[in-house]
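As stored in data_16.txt (compact mmCIF, C-alpha atoms):
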```
# COMPACT_ATOMS: atom_id res chain seq x y z
CA MET J 655 27.34 25.81 4.65
CA SER J 656 25.79 29.01 3.24
CA LYS J 657 22.71 27.16 2.05
CA GLN J 658 19.22 28.28 2.98
CA GLY J 659 16.34 25.95 3.74
CA LYS J 660 16.16 22.61 5.50
CA ILE J 661 14.71 19.37 4.15
CA LEU J 662 14.27 16.08 6.02
CA VAL J 663 14.15 12.81 4.05
CA ILE J 664 12.65 9.95 6.07
CA TYR J 665 13.25 6.37 4.91
CA PHE J 666 13.65 2.84 6.29
CA HIS J 667 16.47 0.45 5.51
CA ASN J 668 18.20 -2.06 7.75
CA LEU J 669 19.07 -4.92 5.42
CA GLY J 670 20.47 -5.07 1.90
CA TYR J 671 23.74 -3.61 0.69
CA PRO J 672 24.42 -2.12 -1.73
CA LEU J 673 21.04 -0.54 -2.41
CA ARG J 674 19.54 -0.86 -5.83
CA LYS J 675 20.92 2.07 -7.78
CA THR J 676 17.53 3.67 -8.36
CA ASN J 677 16.66 3.51 -4.62
CA GLU J 678 19.95 5.14 -3.67
CA GLN J 679 19.41 7.90 -6.23
CA MET J 680 15.83 8.54 -5.09
CA ILE J 681 16.90 8.91 -1.44
CA TYR J 682 19.80 11.29 -2.06
CA CYS J 683 18.56 13.27 -5.08
CA PHE J 684 17.32 16.18 -2.92
CA GLU J 685 20.78 16.51 -1.43
CA ARG J 686 22.46 16.41 -4.81
CA PHE J 687 20.07 18.52 -6.87
CA SER J 688 18.64 21.12 -4.52
CA GLU J 689 20.30 24.20 -3.03
CA HIS J 690 19.10 23.31 0.45
CA THR J 691 20.53 21.50 3.47
CA VAL J 692 19.18 17.95 3.58
CA PHE J 693 18.97 15.85 6.73
CA PHE J 694 18.28 12.11 6.68
CA LEU J 695 16.34 9.92 9.09
CA ASN J 696 16.43 6.12 8.84
CA LEU J 697 13.39 4.90 10.79
CA ALA J 698 14.85 1.44 11.18
CA PHE J 699 16.40 3.10 14.23
CA PRO J 700 14.92 5.36 16.95
CA VAL J 701 14.39 9.03 16.12
CA PRO J 702 17.29 11.03 17.62
CA GLY J 703 16.09 13.91 19.77
CA TYR J 704 18.08 16.52 17.87
CA ILE J 705 15.96 15.99 14.73
CA LEU J 706 13.01 17.55 16.57
CA GLU J 707 15.09 20.68 17.27
CA VAL J 708 15.46 21.54 13.57
CA ASN J 709 12.96 23.95 12.00
CA PHE J 710 12.42 22.07 8.73
CA ASP J 711 10.81 23.68 5.72
CA LEU J 712 9.97 20.38 4.04
CA VAL J 713 9.58 16.84 5.39
CA ILE J 714 9.62 14.00 2.84
CA PHE J 715 8.15 10.62 3.75
CA HIS J 716 10.05 8.55 1.22
CA ASP J 717 8.76 5.48 -0.59
CA LEU J 718 11.61 3.45 0.92
CA LEU J 719 9.71 3.93 4.18
CA LEU J 720 6.13 3.64 2.94
CA CYS J 721 6.77 0.51 0.86
CA LYS J 722 7.39 -1.46 4.07
CA ARG J 723 3.63 -1.66 4.54
CA SER J 724 3.82 -4.82 2.42
CA LEU J 725 5.08 -6.39 5.67
CA PRO J 726 2.44 -5.20 8.17
CA ARG J 727 4.30 -6.35 11.29
CA ARG J 728 7.36 -4.35 10.25
CA PHE J 729 5.14 -1.40 9.35
CA GLU J 730 3.63 -1.48 12.83
CA PHE J 731 7.17 -1.17 14.21
CA ILE J 732 7.71 1.78 11.84
CA LYS J 733 4.54 3.48 13.11
CA ARG J 734 5.78 3.17 16.68
CA ASN J 735 9.16 4.62 15.71
CA SER J 736 7.38 7.41 13.82
CA GLN J 737 5.41 8.81 16.77
CA PRO J 738 7.92 11.57 17.64
CA LEU J 739 7.59 12.87 14.07
CA LYS J 740 4.17 14.30 14.88
CA ARG J 741 6.06 17.14 16.58
CA LEU J 742 8.14 18.00 13.50
CA ALA J 743 7.95 21.41 11.89
CA GLY J 744 7.61 21.63 8.11
CA TYR J 745 5.27 20.91 5.21
CA ARG J 746 4.85 17.15 4.91
CA ILE J 747 4.86 15.34 1.57
CA ALA J 748 5.09 11.69 0.53
CA THR J 749 6.67 10.10 -2.53
CA VAL J 750 4.75 6.86 -3.02
CA GLN J 751 5.16 3.83 -5.24
CA ASP J 752 3.69 0.30 -5.28
CA GLU J 753 0.25 1.86 -4.79
CA PHE J 754 -1.46 -1.46 -5.43
CA THR J 755 -0.86 -3.15 -2.08
CA GLN J 756 -1.89 -2.57 1.56
CA THR J 757 -3.36 0.79 0.62
CA LYS J 758 -5.48 0.95 3.78
CA LEU J 759 -2.30 0.94 5.88
CA LEU J 760 -0.90 3.62 3.57
CA ASN J 761 -3.99 5.84 3.92
CA ASP J 762 -4.00 5.45 7.69
CA TYR J 763 -0.30 6.33 8.02
CA LEU J 764 -0.53 9.38 5.78
CA THR J 765 -3.55 10.62 7.72
CA GLU J 766 -2.02 9.99 11.15
CA PHE J 767 1.16 11.89 10.29
CA ASP J 768 -0.67 14.75 8.58
CA VAL J 769 0.91 14.38 5.15
CA ARG J 770 -0.52 17.14 2.95
CA HIS J 771 0.89 16.34 -0.49
CA ILE J 772 1.20 13.02 -2.34
CA PHE J 773 3.54 12.50 -5.30
CA SER J 774 1.99 9.44 -6.90
CA VAL J 775 3.13 7.21 -9.77
CA ALA J 776 -0.45 6.06 -10.38
CA PRO J 777 -2.53 7.74 -13.09
CA PRO J 778 -4.87 10.44 -11.70
CA SER J 779 -7.87 8.28 -12.68
CA GLU J 780 -6.81 5.75 -10.01
CA TRP J 781 -6.26 8.16 -7.10
CA PRO J 782 -9.86 7.93 -5.77
CA LYS J 783 -9.53 4.13 -5.66
CA ILE J 784 -6.13 4.12 -3.97
CA TYR J 785 -6.70 6.99 -1.51
CA PRO J 786 -10.43 6.84 -0.66
CA SER J 787 -10.04 8.04 2.95
CA LEU J 788 -7.83 11.08 2.32
CA ASP J 789 -9.52 14.47 2.41
CA ARG J 790 -9.05 15.86 -1.10
CA ASN J 791 -9.68 19.37 0.25
CA LYS J 792 -6.62 19.05 2.52
CA VAL J 793 -4.32 16.74 0.56
CA LYS J 794 -2.84 17.75 -2.79
CA PHE J 795 -1.84 15.19 -5.45
CA ASP J 796 0.76 15.33 -8.20
CA PHE J 797 1.87 12.72 -10.72
CA CYS J 798 5.48 11.60 -11.16
CA ILE J 799 7.18 8.58 -12.67
CA THR J 800 8.86 5.73 -10.79
CA GLY J 801 12.47 6.67 -11.52
CA TYR J 802 14.66 9.29 -13.13
CA LEU J 803 18.06 9.68 -14.73
CA ASP J 804 21.14 11.34 -13.32
CA ASP J 805 22.76 13.69 -15.85
CA HIS J 806 26.11 13.11 -14.20
CA GLU J 807 25.84 9.39 -14.98
CA ILE J 808 26.28 9.84 -18.73
CA GLU J 809 30.06 10.25 -18.60
CA ARG J 810 30.40 7.49 -16.02
CA ILE J 811 28.32 5.10 -18.14
CA ASN J 812 30.49 5.95 -21.14
CA ASN J 813 33.57 5.02 -19.09
CA LEU J 814 31.91 1.78 -17.98
CA ALA J 815 31.14 1.03 -21.64
CA LYS J 816 34.83 1.31 -22.48
CA GLU J 817 35.64 -1.01 -19.59
CA VAL J 818 33.00 -3.56 -20.68
CA GLY J 819 33.93 -3.49 -24.35
CA ALA J 820 31.85 -5.20 -27.04
CA ARG J 821 28.25 -6.23 -26.45
CA ASP J 822 28.56 -10.01 -26.24
CA ILE J 823 24.99 -10.81 -25.11
CA ASP J 824 22.23 -10.65 -27.71
CA ILE J 825 19.28 -10.57 -25.27
CA GLY J 826 19.61 -10.00 -21.53
CA TYR J 827 16.97 -9.62 -18.81
CA ARG J 828 16.41 -10.00 -15.08
CA ALA J 829 13.10 -10.17 -13.22
CA THR J 830 12.08 -11.23 -9.74
CA PRO J 831 9.94 -14.37 -9.30
CA ILE J 832 6.29 -13.95 -10.11
CA ARG J 833 4.00 -12.27 -7.57
CA HIS J 834 0.66 -13.70 -8.63
CA SER J 835 -1.23 -11.16 -6.52
CA LEU J 836 -0.14 -8.36 -8.90
CA GLY J 837 -2.38 -9.84 -11.56
CA TYR J 838 -1.70 -10.34 -15.23
CA ILE J 839 0.66 -7.37 -15.51
CA GLY J 840 2.93 -8.98 -12.90
CA TYR J 841 2.71 -12.34 -14.64
CA LEU J 842 3.97 -10.79 -17.89
CA LYS J 843 7.28 -9.86 -16.22
CA VAL J 844 8.04 -13.53 -15.72
CA LYS J 845 6.25 -15.00 -18.72
CA ILE J 846 8.37 -12.94 -21.11
CA THR J 847 11.47 -14.73 -19.78
CA GLU J 848 10.02 -18.16 -20.44
CA VAL J 849 8.81 -17.20 -23.91
CA PHE J 850 12.19 -15.90 -25.08
CA LYS J 851 14.13 -18.77 -23.55
CA GLU J 852 11.99 -21.25 -25.47
CA ALA J 853 11.70 -19.27 -28.72
CA ALA J 854 15.48 -18.63 -28.94
CA MET J 855 16.45 -22.27 -28.47
CA GLY J 856 18.44 -23.50 -31.43
CA LEU J 857 19.06 -20.00 -32.76
CA PRO J 858 22.61 -18.59 -32.94
CA LEU J 859 21.85 -16.04 -30.24
CA LYS J 860 23.35 -15.62 -26.78
CA VAL J 861 20.39 -15.21 -24.41
CA ASP J 862 20.95 -14.43 -20.72
CA VAL J 863 17.53 -14.07 -19.05
CA SER J 864 16.49 -15.16 -15.56
CA ASN J 865 13.83 -14.84 -12.85
CA ASP J 866 15.97 -16.51 -10.19
CA PRO J 867 16.74 -14.19 -7.22
CA LYS J 868 20.24 -15.70 -7.13
CA ASP J 869 20.88 -14.09 -10.51
CA ALA J 870 19.91 -10.58 -9.37
CA ILE J 871 22.41 -7.89 -10.37
CA LEU J 872 22.91 -4.84 -8.15
CA GLY J 873 24.79 -1.55 -8.17
CA ASP J 874 27.06 -0.72 -11.08
CA ASN J 875 27.07 -4.37 -12.12
CA TRP J 876 23.55 -3.81 -13.41
CA TYR J 877 24.81 -1.10 -15.76
CA ARG J 878 27.71 -3.35 -16.79
CA PHE J 879 25.21 -6.08 -17.64
CA LEU J 880 23.07 -3.75 -19.76
CA LEU J 881 26.20 -2.51 -21.54
CA ARG J 882 26.98 -6.10 -22.50
CA CYS J 883 23.47 -6.58 -23.96
CA LYS J 884 22.42 -5.60 -27.45
CA TYR J 885 18.76 -6.04 -26.49
CA THR J 886 16.85 -6.27 -23.23
CA LEU J 887 13.27 -7.31 -22.47
CA GLY J 888 10.62 -5.45 -20.52
CA VAL J 889 6.98 -4.84 -19.70
CA GLU J 890 5.14 -1.92 -18.13
CA SER J 891 5.79 -1.56 -14.42
CA GLY J 892 2.90 -1.80 -11.97
CA ALA J 893 -0.06 -4.06 -11.26
CA SER J 894 -3.61 -4.78 -12.40
CA VAL J 895 -4.95 -5.74 -8.94
CA LEU J 896 -5.70 -3.33 -6.08
CA ASP J 897 -5.16 -5.18 -2.79
CA GLU J 898 -6.37 -2.76 -0.11
CA ASP J 899 -5.66 -4.91 2.95
CA GLY J 900 -3.40 -7.72 1.74
CA SER J 901 -6.27 -10.21 1.69
CA ILE J 902 -5.81 -11.01 -2.00
CA GLU J 903 -2.11 -11.76 -1.53
CA ALA J 904 -2.98 -13.87 1.54
CA ARG J 905 -5.53 -15.82 -0.53
CA VAL J 906 -2.95 -16.45 -3.25
CA ASP J 907 -0.30 -17.51 -0.71
CA GLN J 908 -2.77 -19.88 0.95
CA TYR J 909 -3.65 -21.47 -2.38
CA LEU J 910 0.00 -21.87 -3.35
CA SER J 911 0.78 -23.53 -0.02
CA GLN J 912 -1.80 -26.17 -0.92
CA GLN J 913 -1.03 -26.28 -4.66
CA PRO J 914 2.65 -25.27 -4.96
CA GLY J 915 2.86 -26.11 -8.67
CA ALA J 916 -0.25 -24.18 -9.69
CA SER J 917 -0.05 -22.19 -12.93
CA PHE J 918 -0.88 -18.51 -13.13
CA GLU J 919 -4.02 -19.37 -15.12
CA GLU J 920 -5.21 -21.65 -12.32
CA ILE J 921 -4.41 -19.11 -9.61
CA SER J 922 -6.13 -16.39 -11.62
CA GLU J 923 -9.29 -18.50 -11.84
CA LYS J 924 -9.28 -19.51 -8.16
CA CYS J 925 -8.00 -16.33 -6.48
CA LEU J 926 -8.13 -13.32 -8.82
CA LYS J 927 -11.45 -13.74 -10.59
CA GLY J 928 -13.34 -10.47 -10.56
CA VAL J 929 -10.42 -8.43 -9.18
CA ASP J 930 -7.72 -8.69 -11.85
CA GLY J 931 -8.24 -5.49 -13.80
CA ASN J 932 -9.72 -3.44 -10.94
CA LEU J 933 -6.63 -1.20 -11.10
CA LYS J 934 -5.00 0.45 -14.09
CA LEU J 935 -1.51 1.07 -12.78
CA GLN J 936 0.80 0.37 -15.70
CA VAL J 937 3.65 2.84 -16.02
CA VAL J 938 7.16 3.39 -17.31
CA GLY J 939 9.80 2.10 -14.87
CA PRO J 940 13.42 2.96 -13.97
CA ARG J 941 14.75 0.05 -16.02
CA HIS J 942 13.24 1.46 -19.18
CA LEU J 943 15.15 4.70 -18.64
CA GLU J 944 18.36 2.87 -17.68
CA ALA J 945 18.24 0.95 -20.96
CA CYS J 946 17.97 4.26 -22.82
CA LEU J 947 20.99 5.52 -20.87
CA THR J 948 23.11 2.47 -21.75
CA ARG J 949 21.88 2.46 -25.37
CA THR J 950 20.48 -1.04 -24.98
CA CYS J 951 17.64 -1.69 -27.42
CA GLN J 952 14.41 -2.60 -25.63
CA ILE J 953 11.93 -5.29 -26.62
CA LEU J 954 8.79 -4.28 -24.72
CA THR J 955 5.28 -5.62 -24.53
CA GLU J 956 2.84 -3.16 -26.10
CA GLY J 957 1.63 -0.49 -23.71
CA GLU J 958 1.37 3.23 -23.05
CA TYR J 959 4.58 3.76 -21.02
CA ASN J 960 3.18 7.12 -19.88
CA GLY J 961 3.50 8.36 -23.44
CA ILE J 962 7.28 8.53 -22.99
CA LEU J 963 8.33 5.48 -25.02
CA LYS J 964 6.94 4.90 -28.50
CA PRO J 965 7.03 1.66 -30.55
CA TYR J 966 9.63 1.43 -33.33
CA VAL J 967 10.92 4.82 -32.20
CA HIS J 968 12.28 3.89 -28.76
CA TYR J 969 11.64 0.12 -28.63
CA LEU J 970 10.59 -2.97 -30.56
CA PRO J 971 6.95 -3.79 -29.69
CA LEU J 972 6.06 -7.30 -28.57
CA ARG J 973 2.39 -8.26 -28.54
CA LYS J 974 1.06 -9.16 -25.10
CA ASP J 975 0.09 -12.61 -26.38
CA PHE J 976 3.68 -13.00 -27.67
CA SER J 977 2.34 -13.95 -31.13
CA ASN J 978 5.08 -11.95 -32.91
CA VAL J 979 8.05 -13.28 -30.90
CA ARG J 980 9.49 -14.99 -34.00
CA GLU J 981 9.38 -11.72 -35.92
CA ILE J 982 11.15 -9.96 -33.05
CA LEU J 983 13.87 -12.62 -32.93
CA GLU J 984 14.34 -12.22 -36.66
CA LEU J 985 14.87 -8.47 -36.16
CA VAL J 986 17.35 -9.25 -33.37
CA SER J 987 19.24 -11.65 -35.65
CA LYS J 988 19.43 -9.10 -38.46
CA ASP J 989 20.30 -6.34 -35.98
CA GLU J 990 19.56 -3.59 -38.50
CA LEU J 991 17.28 -1.34 -36.40
CA ARG J 992 19.12 -1.39 -33.10
CA GLU J 993 21.49 1.56 -33.50
CA LYS J 994 18.78 3.82 -34.93
CA ILE J 995 16.37 3.00 -32.07
CA THR J 996 18.94 3.29 -29.29
CA GLN J 997 20.25 6.60 -30.62
CA ARG J 998 16.74 8.06 -30.83
CA ALA J 999 15.96 6.79 -27.30
CA PHE J 1000 19.20 8.30 -26.00
CA GLU J 1001 18.43 11.68 -27.57
CA ASP J 1002 14.74 11.85 -26.63
CA ILE J 1003 14.93 10.37 -23.13
CA VAL J 1004 18.45 11.08 -21.85
CA LEU J 1005 19.81 14.15 -23.63
CA SER J 1006 16.46 15.97 -23.45
CA ARG J 1007 16.84 15.95 -19.63
CA LYS J 1008 13.04 15.79 -19.31
CA TYR J 1009 13.35 12.77 -17.04
CA SER J 1010 16.36 13.79 -14.97
CA PHE J 1011 16.57 13.79 -11.17
CA GLU J 1012 17.33 17.50 -11.32
CA GLN J 1013 14.02 18.18 -13.07
CA TYR J 1014 12.22 15.86 -10.63
CA VAL J 1015 13.63 17.67 -7.57
CA ARG J 1016 12.80 21.09 -9.02
CA GLY J 1017 9.28 19.92 -9.81
CA VAL J 1018 8.65 18.53 -6.33
CA LEU J 1019 9.95 21.66 -4.60
CA LYS J 1020 8.01 24.00 -6.88
CA SER J 1021 4.77 22.05 -6.56
CA SER J 1022 4.97 21.52 -2.80
CA LEU J 1023 6.18 24.88 -1.48
CA GLY J 1024 5.80 27.14 -4.51
CA GLU J 1025 8.26 29.26 -6.46
CA ASN J 1026 7.93 32.23 -4.09
CA TYR J 1027 8.42 30.32 -0.85
CA ARG J 1028 11.01 31.95 1.44
CA TRP J 1029 13.29 29.22 2.73
CA SER J 1030 14.40 29.56 6.36
CA GLU J 1031 17.92 30.42 7.43
CA LEU J 1032 20.17 27.71 8.89
CA SER J 1033 21.10 28.68 12.44
CA ALA J 1034 24.50 28.03 14.00
CA LYS J 1035 22.96 25.31 16.17
CA GLU J 1036 21.31 23.67 13.14
CA ARG J 1037 24.68 23.63 11.35
CA MET J 1038 26.07 21.60 14.23
CA LEU J 1039 23.06 19.28 14.17
CA TYR J 1040 23.54 18.80 10.43
CA GLU J 1041 27.14 17.66 10.93
CA ARG J 1042 25.91 15.31 13.63
CA ASN J 1043 23.29 13.94 11.26
CA LEU J 1044 25.88 13.28 8.56
CA LYS J 1045 28.02 11.24 10.94
CA ARG J 1046 24.99 9.29 12.14
CA GLU J 1047 24.02 8.48 8.56
CA GLN J 1048 27.53 7.19 7.80
CA ARG J 1049 27.54 5.01 10.94
CA LEU J 1050 24.15 3.51 10.12
CA TRP J 1051 25.18 2.59 6.60
CA ARG J 1052 28.29 0.85 7.95
CA TYR J 1053 26.00 -1.09 10.29
CA VAL J 1054 23.61 -2.02 7.41
CA ARG J 1055 26.55 -3.26 5.35
CA LEU J 1056 27.82 -5.47 8.20
CA ARG J 1057 24.31 -6.71 9.09
CA THR J 1058 23.63 -7.63 5.45
CA LYS J 1059 26.79 -9.71 5.31
CA ILE J 1060 25.92 -11.56 8.51
CA VAL J 1061 22.27 -12.18 7.57
CA ASN J 1062 23.19 -13.39 4.07
CA ASN J 1063 25.58 -15.91 5.62
CA ILE J 1064 22.81 -17.15 7.92
CA LEU J 1065 20.22 -17.35 5.14
CA ALA J 1066 22.60 -19.40 3.02
CA PHE J 1067 22.22 -22.23 5.56
CA MET J 1068 18.50 -21.81 6.34
CA PRO J 1069 15.98 -24.15 4.70
CA LYS J 1070 13.74 -22.43 2.16
CA LYS J 1071 10.65 -23.41 4.16
CA ALA J 1072 11.98 -21.62 7.22
CA ILE J 1073 12.65 -18.45 5.19
CA ALA J 1074 9.16 -18.63 3.65
CA ALA J 1075 7.63 -19.05 7.14
CA LEU J 1076 9.50 -15.97 8.40
CA VAL J 1077 8.29 -13.85 5.47
CA GLY J 1078 4.76 -15.16 5.97
CA PHE J 1079 4.87 -14.11 9.63
CA MET J 1080 5.97 -10.57 8.69
CA LYS J 1081 3.08 -10.28 6.22
CA ARG J 1082 0.43 -10.98 8.83
CA THR J 1083 -1.53 -8.10 10.25
```
Could you take the file, read its structure, and then write that structure out as structure tokens?
Amino acid sequence: MSKQGKILVIYFHNLGYPLRKTNEQMIYCFERFSEHTVFFLNLAFPVPGYILEVNFDLVIFHDLLLCKRSLPRRFEFIKRNSQPLKRLAGYRIATVQDEFTQTKLLNDYLTEFDVRHIFSVAPPSEWPKIYPSLDRNKVKFDFCITGYLDDHEIERINNLAKEVGARDIDIGYRATPIRHSLGYIGYLKVKITEVFKEAAMGLPLKVDVSNDPKDAILGDNWYRFLLRCKYTLGVESGASVLDEDGSIEARVDQYLSQQPGASFEEISEKCLKGVDGNLKLQVVGPRHLEACLTRTCQILTEGEYNGILKPYVHYLPLRKDFSNVREILELVSKDELREKITQRAFEDIVLSRKYSFEQYVRGVLKSSLGENYRWSELSAKERMLYERNLKREQRLWRYVRLRTKIVNNILAFMPKKAIAALVGFMKRT
């Protein structure tokens, strides 16, 4: 415990275990890759008084807290739980993703809790649209990507590869069901599944692609799945619709309740006309980097991918109208380019360490507090509070694990309409 400096990471999580690997890594990366003492605060539970006794240097409002604004009723609960944080010491920053939805709630929260530095995954050109009410003279902005790689994972992934053995799946992919309110970019994530399922029918290829939530793969099983796949599908992450107050999503949900079988084209015409394309938030995502790590060849719709991934160098390009899908399947069948592409992707993306969590943490600390910042000493009392915080964090995760098991058992017997009604209630303002 000879470390200097104190960081507080604030997040929210009360259901879902295990966490998606990238979420777990994003929460704990400052503990793993900085030289400072890191406290954690899960705002699903009341703020313990001792947190306010620590003289923090840096306070991080994590995306796993801020993303809950997609459920306004839950976010209102979070705001109430957050009130004691106004008394916290330390420079306040936020790491934000999903900057296409409920951005008014986001702006209001960041203002109320005096956050002075935003690490955004949106291109700088979109910041004025997303954060119109923030004072640009007071609040600093920096760009980052949505996920990073852990250098220590390379050896572990190699061991998993030995455990998995040969790649027995030609094309594998998982995506969540379509969220029409994201616009065309969200539709592509699901459409690509349908296109490849249909185009590969009758071909001697093993295709394992799904948008069904029941087929979701979490934790290390996701890496095992990628290691079984020769190729995986993908599109740019993000959205093409800016929904400031959730009204666009509400309009889409209302329409779908009346026309449950409506196609995306119909919904686009009825609900998204004039707004689809009002946001240019298309970026590289964690899954793209994970595929590079597992040496799984990517078939991606054409895009910029933040200039990180390049066609025929790091992936096979698929036209957004899918007009070359037959050509892509022919390349998959021949399987002549895969090793060259995956090796280049591994060298440029993984071995270069440009997109590692360590580099991310260093960048955030340097940009927020500066290279010459003098980190505070950890007092004897703060050492005791740190140990207390560690035990609290362990207890809360045990609770989340148990709660997840109980809730999943209940949901298994609940009608889908009842679940949909509950989610709809949480989305209301």
For region 1023-1036 of chain J: contacts at 9 Å, all atoms listed in the file, fewer than 2 positions along chain excluded, given as a ChimeraX atom specification: /J:655-660,690-691,707-712,745,1018-1021,1038-1041
Nearest residue to Gly801 (chain J) from the set J:Ser774, J:Ser911, J:Ser779, J:Asn932 (distances using all atoms listed in the file):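 Checking each candidate against Gly801 (chain J), we get J:Ser774 as the closest.
Proximity ranking of J:Leu662, J:Leu947, J:Ala698, J:Ile839 relative to Val1054 (chain J) places J:Ala698 first, based on only C-alpha atoms.
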Residue nearest Glu807 (chain J) among J:Tyr877, J:Phe773, J:Tyr785, J:Phe684 (counting only C-alpha atoms):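 Of J:Tyr877, J:Phe773, J:Tyr785, J:Phe684, the one nearest Glu807 (chain J) is J:Tyr877, counting only C-alpha atoms.
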For Glu958 (chain J), the nearest of the candidates J:Phe1000, J:Ser917, J:Pro777, J:Lys868, counting all atoms listed in the file: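 Ranked by minimum distance to Glu958 (chain J), first place goes to J:Pro777.
Distances from J:Ser835, J:Thr755, J:Ser1006, J:Gln952 to Asp907 (chain J) were compared using all atoms listed in the file, and the smallest one belongs to J:Ser835.
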Distance of CA of Phe687 (chain J) from CA of Glu753 (chain J), expressed in Å to one decimal place: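 Between CA of Glu753 (chain J) and CA of Phe687 (chain J) the gap works out to 26.0 Å.
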Among listed residues J:Arg1055, J:Arg973, J:Arg741, J:Lys884, nearest Ile995 (chain J) (using all atoms listed in the file):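 Counting all atoms listed in the file, the residue closest to Ile995 (chain J) is J:Lys884.
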Separation of CA of Ala1066 (chain J) from CA of Pro867 (chain J) in Å: 12.9 Å
Point-to-point distance in Å for CA of Gly826 (chain J) and CA of Tyr885 (chain J):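 Distance between the two atoms: 6.4 Å.
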If we count only C-alpha atoms, what is near Asp805 (chain J) at a cut-off of 10 Å, once residues fewer than 4 positions away on the same chain are taken out, given as a short mmCIF file (atom, residue, chain, number, x, y, z; two decimals) with C-alpha atoms, keeping the file's coordinate frame?
```cif
data_model
loop_
_atom_site.label_atom_id
_atom_site.label_comp_id
_atom_site.auth_asym_id
_atom_site.auth_seq_id
_atom_site.Cartn_x
_atom_site.Cartn_y
_atom_site.Cartn_z
CA GLU J 809 30.06 10.25 -18.60
CA ARG J 810 30.40 7.49 -16.02
CA LEU J 947 20.99 5.52 -20.87
CA VAL J 1004 18.45 11.08 -21.85
CA LEU J 1005 19.81 14.15 -23.63
CA ARG J 1007 16.84 15.95 -19.63
CA TYR J 1009 13.35 12.77 -17.04
CA SER J 1010 16.36 13.79 -14.97
CA PHE J 1011 16.57 13.79 -11.17
CA GLU J 1012 17.33 17.50 -11.32
#
```
For Thr996 (chain J): contacts at 10 Å, all atoms listed in the file, fewer than 6 positions along chain excluded, given as a PyMOL selection string: chain J and resi 884-885+945-952+967-969+1002
Grab all the atoms of region 1057-1067 of chain J that the file lists, wrap them in a box along x, y and z, add 5 Å per side, and give me centre plus edge lengths in Å (one decimal) as JSON.
```
{"center_x": 23.5, "center_y": -14.5, "center_z": 6.1, "size_x": 16.6, "size_y": 25.5, "size_z": 16.1}
```
Close residues, Leu970 (chain J) itself excluded, 6 Å, only C-alpha atoms, min 3 positions apart in chain, as a PyMOL selection string: chain J and resi 953+965-966
Spatial neighbours of region 787-795 of chain J, 12 Å, only C-alpha atoms, chain gap at least 6 places, as a PyMOL selection string: chain J and resi 745-750+757-766+768-781+898+1018+1021-1023
